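Below you'll find the structure, written out as structure tokens, and then a few comments.
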Amino acid sequence: MVPGARPRSFRLPGFGLTLGITLFWLSFIVLIPLSTVLARSWSGGWEHFLEAAASPRALAAYRLSFGVALLAAAANCVFGLIVAWVLVRYKFPAKRLFSAVIDLPFALPTAVAGIALTALYADTGLIGRPLAKIGIPVAYTPLGVFIALLFIGLPFVVRTLEPVIAELSREQEEAALTLGASRSQTFWRIVLPTLAPALATGFALAFARGAGEYGSVIFIAGNMPFHSEIAPLLIVTRLEEYDYSGAAAIATVMLGVSFAMLLVLNLLQRWRVRRIG
Amino acid sequence: MGIRIERISKRFSDYLALDEVSLEIAGGEFVALLGPSGSGKTTLLRILAGLEIPESGRVFFSRRDVTATPASKRGIGFVFQHYALFGHMTVAQNIAFGLSVMPRRQRPSTSEIKRRVEHLLALVQLPGLDGRYPSQLSGGQRQRVALARALAREPEILLLDEPFGALDAKVRRELRGALRTIHEELGVTSVFVTHDQEEAFALADRVAVLNAGKIEQFATADAIKAHPATDFVRAFVAH
Amino acid sequence: MRAAALKAPLGTRATLMLIALTYVGVMLLLPLGAVLFEALRKGIGLWWAAISEPDARSAIRLTLLVAAISVPLNTVFGVAAAWAISKYNFAGKGLLIALIELPFSVSPVVAGLVFVMLFGANGWFGTWLEDHDIQIVFALPGLVLATVFVTFPYVARQLVPLMTVQGRTEEEAALTLGASGWRTFWRVTLPNIRFGLLYGVLLCNARAMGEFGAVSVVSGHIRGETNTMPLHVEVLYNDYNFVAAFSVASLLALLALVTLALKTALEWRYRAELEARR
């Protein structure tokens with residue numbers, strides 16, 4: 001083709017149709033509905049919003065939802081790294097089966113997970129009973145919420161790490177060895193920093209999911225206001241009291257956190273690309 | 001420090017990479033392992049480094065049997081074809097790495113490490129780049145950093161695996177000259193792997209021509225060109 | 001093949017494997033086992049009674065109906081969005097992709113909330129709907145809307161990278177050979193994306209059938225009418241009817257296992273397809 005003689009962009013047909021469908025559906029299902037929440041939470045004015053979004057009960061709920069989500073995501077980073085490492089680097093029988101199981105929290109309905117976890121960790125349950133004996137109640141406490149979020153968040157960390165571990169340059173590890181580094185030094189100073197962006201991404205994903213989680217938590221949490229009430233439950237309670245703007249206010253806070261997480265994830269992507277470059 | 005390789009054999013799952021290979025390299029010598037891909041030259045180099053373990057045979061550095069010594073304890077420097085620089089560390093941190101992982105007792109002071117890094121950067125002709133990251137460097141620059149990094153611990157043996165393979169012709173020639181100069185200055189025993197005979201003959205004191213896991217001839221460039229020992233060698237250097 | 005030098009000593013490897021297997025076993029497999037155990041605890045008779053009881057059966061029907069509506073809708077959307085994004089260049093693509101992924105980071109309760117705010121009795125359209133005697137929340141349309149929201153990105157996010165990698169050369173070739181747009185889509189694009197599409201639909205469906213939080217807010221929990229299976233499980237559980245709750249839950253667990261099995265099978269075959277096309 002002669003340079004400079006290109007015909008005006010030859011476009012495949014269907015641009016109008018597909019973009020139209022896309023934008024319409026996106027607006028109708030996602031954008032407009034979400035904006036009503038934002039609009040509704042302002043409907044009573046700034047003071048009313050603050051009163052609802054920052055009430056002591058709401059603050060306690062945020063502390064629980066976000067705080068436990070943070071801890072669970074962090075714990076999953078440690079265990080998720082081990083699981084991902086074993087999956088990628090080691091050979092053992094039934095590995096494919098093991099890998100499929102990791103996705104269970106993705107596939108299992110949250111309510112099912114919720115009642116199953118409660119059955120296991122209640123004082124009469126398989127794991128709950130011995131723990132209760134030594135004075136660690138799990139069900140109906142924040143610890144129960146923690147366990148539920150561990151269940152939910154694991155696949156996020158593992159699946160994010162797997163491809164990055166698989167692509168680790170073995171030459172870098174060999175180089176470190178020839179330079180006299182021990183295996184442990186190689187791991188902490190070469191491998192881990194290379195995995196850091198992926199680890200952070202997995203953490204952010206697990207955190208975002210855990211903060212908003214409802215079904216798997218609602219059965220095992222105590223749901224007592226100020227003590228073991230998660231933020232999504234507070235939204236539901238407000239709705240049942242017909243306090244729409246109150247519910248919307250808390251929802252807005254949660255959406256704010258979601259957006260912030262999206263931004264963080266986006267930045268992490270750029271960090272990752274820079275690292276590899 | 002001389003190297004003696006005694007009847008090394010290495011088998012990978014489906015083929016024999018090295019077949020009872022023996023070689024003796026004098027201290028301070030610059031030797032090239034030359035051959036087509038699959039000839040076993042890289043495998044031999046990696047066995048010298050301790051990155052591969054032979055099925056049989058032994059490796060001696062001077063008179064020390066290092067066959068069972070792990071790679072981190074052999075006191076060698078290794079330069080990889082694709083540099084293998086640590087992307088998350090600066091140039092200075094890369095070069096200093098070998099020194100920074102030393103046990104506390106043997107580790108030089110921070111100022112001493114800094115001095116050595118600067119000296120090495122000058123040696124490879126990259127002064128002032130200590131704060132850069134590998135992603136900000138050209139291929140030729142990265143390879144120089146890799147060389148400096150390998151030399152930081154003052155190894156007695158330097159191993160290079162097709163060090164210029166990923167670079168274009170002009171940079172390759174520049175680095176060839178730099179490598180030769182550094183070798184003359186430091187006098188470190190060097191073994192490098194290449195499939196490029198021009199490079200091998202230009203740089204090395206002696207060249208070992210490998211084919212299918214065996215050494216066909218080990219002699220100076222002139223000797224090989226004048227009296228090729230086997231048909232393979234004759235055909236190989238005919239190009 | 002990983003060089004011998006990089007292999008960790010046996011002790012380290014054994015420890016790490018033990019930790020990994022124990023963690024996954026306790027955190028993931030035990031809960032699954034608990035569902036099946038509790039469901040069959042009082043014998044298979046009670047299990048069968050629980051799932052064939054009228055309210056359970058209408059919950060099953062409703063779940064299937066909601067999925068049957070939501071999944072195709074999001075599939076059409078997903079294909080359209082992936083086509084628009086991968087076959088053309090235009091500004092704002094990144095933003096569009098980010099917006100499509102938005103429902104992933106929104107709490108399901110918030111997802112249900114937005115539709116109550118729009119269509120509930122006190123909602124924006126509340127009075128209008130009442131005047132026209134249309135029921136959205138506490139009825140099927142509300143359930144569908146909430147489900148569509150939470151499963152919105154599943155098909156699109158599977159197809160966008162796939163179709164982007166495939167580019168538009170094959171479609172352009174087809175067009176130069178005289179095929180119309182639709183023809184090209186059916187005979188060139190669709191065969192290329194069939195496994196990615198299946199995969200996306202599979203995940204979309206699993207989520208659609210299993211969604212709890214969003215439909216919980218929107219449904220009103222009217223037994224026999226607006227309870228999907230997950231909601232029915234909750235109702236039974238709150239009534240202390242544990243065996244029945246776990247019995248219905250076991251069906252959902254079975255669905256999850258089938259999803260996982262199909263997913264693994266597709267990944268295995270699909271990866272080969274994807275490699276081959278390169």
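Within each chain, counting starts at residue 1; across the structure tokens, chains are named A, B, ... in the order shown, with ligands numbered 1 upward in that order.
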
(message) Could you pull out the helix (DSSP H, G or I) residues of range 50-246 of chain C, going by DSSP on the backbone, and write them as a PyMOL selection string?
(response) chain C and resi 50-52+54-87+93-100+102-105+108-119+126-131+140-150+153-166+169-176+181-210+213-219+229-238+242-246

(request) Do me a favour and pick out the residues of chain B within 6 Å of chain A, using only C-alpha atoms, as a count of residues only. (result) 6

(request) Tell me which protein, DNA and RNA residues are within 7 Å of range 76-93 of chain C, counting only C-alpha atoms, leaving out same-chain ones fewer than 4 positions away, and put them as a PyMOL selection string. (result) (chain A and resi 15+18-19+21-22) or (chain C and resi 72+97+155-156+159-160+163-164+167-168)

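Using only C-alpha atoms, the protein and nucleic acid residues lying no more than 9 Å from Glu24 in chain B, apart from those fewer than 4 places from it along its own chain, are Gly2, Ile3, Arg4, Ile5 and Glu6 of chain B.
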
Proximity check chain B to chain C, 9 Å, nearest pairs one decimal Å, only C-alpha atoms, as a tab-separated table:
```
residue	atom	partner	partner_atom	distance
B:Gly50	CA	C:Ala5	CA	7.1
B:Leu51	CA	C:Ala5	CA	5.1
B:Glu52	CA	C:Ala4	CA	5.9
B:Ile53	CA	C:Ala4	CA	6.8
B:Pro70	CA	C:Ala5	CA	7.4
B:Ala71	CA	C:Ala5	CA	7.2
```

(message) Set the distance at 10 Å and use only C-alpha atoms: which residues neighbour Val236 in chain A once local chain neighbours fewer than 5 positions away are removed? I'd like the list as a ChimeraX atom specification.
(response) /A:231,241-244,247 /C:109-110,112-113,213,216-217

(message) I want to know what sits within 7 Å of range 23-35 of chain A, based on only C-alpha atoms, with residues of the same chain fewer than 4 positions away left out; could you give that as a PyMOL selection string?
(response) (chain A and resi 19+39) or (chain C and resi 100+114-115+118+149)

So that I have them on file, write out the residues from the current selection with C-alpha atoms, as a PDB file, in the first residue's frame.
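Listing of result_36.pdb after writing:
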```pdb
ATOM      1  CA  LEU A  19     -21.710   1.084  20.517  1.00  0.00           C
ATOM      2  CA  ALA A  39     -28.784  12.017  44.179  1.00  0.00           C
TER       3      ALA A  39
ATOM      4  CA  ILE C 100     -18.346  -1.855  32.408  1.00  0.00           C
ATOM      5  CA  VAL C 114     -30.442   1.392  43.509  1.00  0.00           C
ATOM      6  CA  PHE C 115     -33.417  -0.365  41.987  1.00  0.00           C
ATOM      7  CA  LEU C 118     -35.730   3.929  41.326  1.00  0.00           C
ATOM      8  CA  PHE C 149     -26.678  -5.467  37.392  1.00  0.00           C
TER       9      PHE C 149
END
```

(message) So, with only C-alpha atoms as the atoms that count, which of C:Val233, C:Leu36, C:Ala208, C:Val215 lies closest to Gly142 in chain C?
(response)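 Checking each of C:Val233, C:Leu36, C:Ala208, C:Val215 against Gly142 in chain C, counting only C-alpha atoms, the winner is C:Val215.
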
Go through range 190-219 of chain B residue by residue and, counting only C-alpha atoms, keep those with an atom at most 9 Å from range 171-177 of chain B; for each kept residue give the shortest atom pair and its distance in Å to one decimal, ordered by chain and increasing number, as JSON lines.
```
{"residue": "B:Glu199", "atom": "CA", "partner": "B:Arg176", "partner_atom": "CA", "distance": 7.8}
{"residue": "B:Ala202", "atom": "CA", "partner": "B:Arg176", "partner_atom": "CA", "distance": 8.6}
{"residue": "B:Leu203", "atom": "CA", "partner": "B:Arg176", "partner_atom": "CA", "distance": 7.2}
```

Can I get the selected residues back with N, CA and C atoms, as a compact mmCIF listing (two decimals), in the first residue's frame?
```
# COMPACT_ATOMS: atom_id res chain seq x y z
N GLU B 199 33.51 -14.03 16.52
CA GLU B 199 33.64 -13.53 17.88
C GLU B 199 34.60 -14.40 18.68
N ALA B 202 38.16 -13.91 17.56
CA ALA B 202 38.69 -12.58 17.85
C ALA B 202 39.03 -12.42 19.33
N LEU B 203 38.21 -13.01 20.20
CA LEU B 203 38.35 -12.74 21.62
C LEU B 203 39.22 -13.75 22.37
```
